[in-house]
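Step one of this worksheet: look at the structure below.
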Amino acid sequence: MKDSTFDFIWLMRLIKNNIRILFLVGFLTSVLSSIIALFAIEEKFKSSVVIYPTTTSSVSQALLVEHNPYRKDVLEFGEEEQAEQLVQVLNSDEMRDSIVRRFDLFDHYEVNQEDVYANTIMNDLYGQAISIKKTKFNAIEISVLDKDPQVAADIANEYLVLIDFVIARIRENRALQALEVLELRKTILYQQRALTQDSLKDYRSRGIISTVHQAERLTEQYAIALAANNLSGAKRIQKELNTLAKYSGAHDVLLRKSYEIEEELALIEFESDRVQIDTQYMLDNKFILNKAYPSDKKAYPIRWLIVLSSLIAVLFVSILSLSILESVNSIK
C-alpha cells in the first residue's frame, strides 16, 4: 500500500513537472486528430431495416393440408430457428452478388475489376458496409453504411425484395427435382396398374370377381342343391368352387396390389399438386417492422470519439515515455 502511494505521488509529480509538454502534446494531438476526422475520413450515413421471420412460407402446409401436425400459423412470428435460417440466406453469396450487381458497387466503391484481388477487396468493403445481425428478440436488423444516404437506404430496402426472390429460387430448384421423382414414380405405377388390371380381367373372364362373397354364395347354393337332391346342380356348383379355389389366392394378391397402387397414386397426385402450388404461390418469408429511409445525419465517423481516444492514447504514451526517461536519469 505504501509503495502504491509512493508511486502515485511520484507519477503526479512527474506530470506536474512536465505539464507544459503534456499540454502541448495534447493540444497538437487534438488539433491533428480533429483535422484528420474532419477531412481525411470519409463521412458515411446509416440506414437500417428490421424484420421478423415467419413460421412458414408454404401455402399448402399453412392453408390447404387438413389435420397437419406440422401446420404453422401464417400470422405467427418465427422462432430462433427460423431467424437463424433467414440470417444464413441473407449472408449467402447469391444475396451479396445480387446487391453488388444491382448497385454497381465495384464502380461505387472505386474498385478496379481488372485487379487480381478485386473480389477480395469488394468482399472486405461489402462486409464493412453491411451488417446483418439477429437481435435478442429474434428480429433481424440489416444495417448499411454508405457515403450516399440514398444508396444506403436503397441497399437496405433491396434486401426485403431479394429475400423472397432467393428463397423462391432455392425452393423452385428443389421442387423441380421432387416433381421429377414423383413423375417417374407415377409412370412406373401406371405401368404396374395396367399389368395388374390386365391380369384381373383374365380372372374375371373365368368368373372370379369377389372370392369371399362368391365362396359364401356358392357354398350356400351347394348345400341347398344337395338338400334338394339336385346332383347335377351340385356338380356344377362344385366345379365353380374348384375353379374359385384354384385361382382365388392369386386373384386376391393382385386385387390387394391394385388397391395399394391406387392408394400410392392418390398420394403422389396429392404431393405433386402440393409441390406445384408451393412453387406457383408463396407467402412472404418476413414481417417488415421498419423500412430504411435516407438518413439526414452522418453515422460515421464520430469525431469527438476519435479526438478523445487519440488524446488518451497519446497522453498515455507520453507519460510512459517520460516515466522511462525519468527512471533512466535516476539510475545514471
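Quick note on naming: the chains in the C-alpha cells go A, B, ... in the order shown, residues restart at 1 in each chain, and ligands are numbered from 1 in order of appearance.
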| task | Compile the contact shell of Ile167 (chain A) as a PyMOL selection string: residues with an atom at most 10 Å away, counting only C-alpha atoms, same-chain residues fewer than 4 positions apart removed. | result | chain A and resi 57+86+89-90+162-163+171-172+282+284-285
Grab the residues selected above and save them as a PDB file, in the first residue's frame with C-alpha atoms.
```pdb
ATOM      1  CA  SER A  57     -43.941 -19.657 -46.410  1.00  0.00           C
ATOM      2  CA  LEU A  86     -33.052 -16.352 -42.566  1.00  0.00           C
ATOM      3  CA  VAL A  89     -29.896 -16.725 -46.509  1.00  0.00           C
ATOM      4  CA  LEU A  90     -29.157 -13.013 -46.053  1.00  0.00           C
ATOM      5  CA  LEU A 162     -34.204 -10.283 -52.539  1.00  0.00           C
ATOM      6  CA  ILE A 163     -35.156 -12.420 -49.516  1.00  0.00           C
ATOM      7  CA  ARG A 171     -37.422 -23.793 -53.367  1.00  0.00           C
ATOM      8  CA  GLU A 172     -38.126 -23.947 -57.097  1.00  0.00           C
ATOM      9  CA  MET A 282     -45.576 -18.406 -51.878  1.00  0.00           C
ATOM     10  CA  ASP A 284     -43.692 -13.753 -47.670  1.00  0.00           C
ATOM     11  CA  ASN A 285     -40.765 -15.030 -45.631  1.00  0.00           C
TER      12      ASN A 285
END
```
| message | For a quick check of understanding, using only C-alpha atoms, which of A:Leu105, A:Ile99, A:Ala292, A:Val275 has the smallest distance to Ile121 (chain A)? | response |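 Of all the options, A:Leu105 lies closest to Ile121 (chain A).
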| Between A:Leu289, A:Leu267, A:Leu255, A:Asn157, which one has atoms that come closest to Ile51 (chain A), using only C-alpha atoms? | A:Leu289
Name the residues of region 50-204 of chain A that come out as strand (DSSP E or B) in a backbone DSSP run; write them as a PDB file with C-alpha atoms, in the first residue's frame.
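See out-v7.pdb below for the written result:
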```pdb
ATOM      1  CA  VAL A  50     -35.785  -4.590 -39.150  1.00  0.00           C
ATOM      2  CA  ILE A  51     -37.702  -7.761 -39.992  1.00  0.00           C
ATOM      3  CA  TYR A  52     -39.099 -10.804 -38.251  1.00  0.00           C
ATOM      4  CA  PRO A  53     -39.032 -14.270 -39.859  1.00  0.00           C
ATOM      5  CA  THR A  54     -42.304 -16.105 -40.466  1.00  0.00           C
ATOM      6  CA  SER A  58     -45.606 -22.851 -47.689  1.00  0.00           C
ATOM      7  CA  PHE A  77     -43.648 -14.645 -35.833  1.00  0.00           C
ATOM      8  CA  ILE A 130     -23.308  -4.085 -44.459  1.00  0.00           C
ATOM      9  CA  SER A 131     -24.156  -5.633 -41.113  1.00  0.00           C
ATOM     10  CA  ILE A 132     -26.733  -8.411 -40.650  1.00  0.00           C
ATOM     11  CA  LYS A 133     -27.393  -9.490 -37.097  1.00  0.00           C
ATOM     12  CA  LYS A 134     -30.072 -11.155 -35.020  1.00  0.00           C
ATOM     13  CA  ILE A 140     -33.129  -9.398 -37.797  1.00  0.00           C
ATOM     14  CA  GLU A 141     -31.542  -5.992 -38.354  1.00  0.00           C
ATOM     15  CA  ILE A 142     -29.894  -5.168 -41.682  1.00  0.00           C
ATOM     16  CA  SER A 143     -27.756  -2.013 -41.475  1.00  0.00           C
ATOM     17  CA  VAL A 144     -25.964  -0.313 -44.367  1.00  0.00           C
ATOM     18  CA  LEU A 145     -23.248   2.361 -44.171  1.00  0.00           C
ATOM     19  CA  ASP A 146     -22.564   4.429 -47.266  1.00  0.00           C
TER      20      ASP A 146
END
```
| message | Using only C-alpha atoms for the distances, tell me which of A:Val100, A:Lys239, A:Ile208, A:Gln280 is nearest to Leu176 (chain A). | response |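 Closest to Leu176 (chain A) of all the choices is A:Gln280.
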| query | With only C-alpha atoms as the atoms that count, which of A:Val166, A:Ala83, A:Met12, A:Leu308 lies nearest to Lys136 (chain A)? | reply | A:Ala83
| field | Of the listed residues A:Leu189, A:Ala129, A:Val49, A:Leu184, that which approaches Lys291 (chain A) most closely, counting only C-alpha atoms | value | A:Val49
| field | Computed interatomic separation between CA of Pro149 (chain A) and CA of Pro294 (chain A) (Å) | value |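 Taking CA of Pro149 (chain A) as the start and CA of Pro294 (chain A) as the end point, the length is 4.8 Å.
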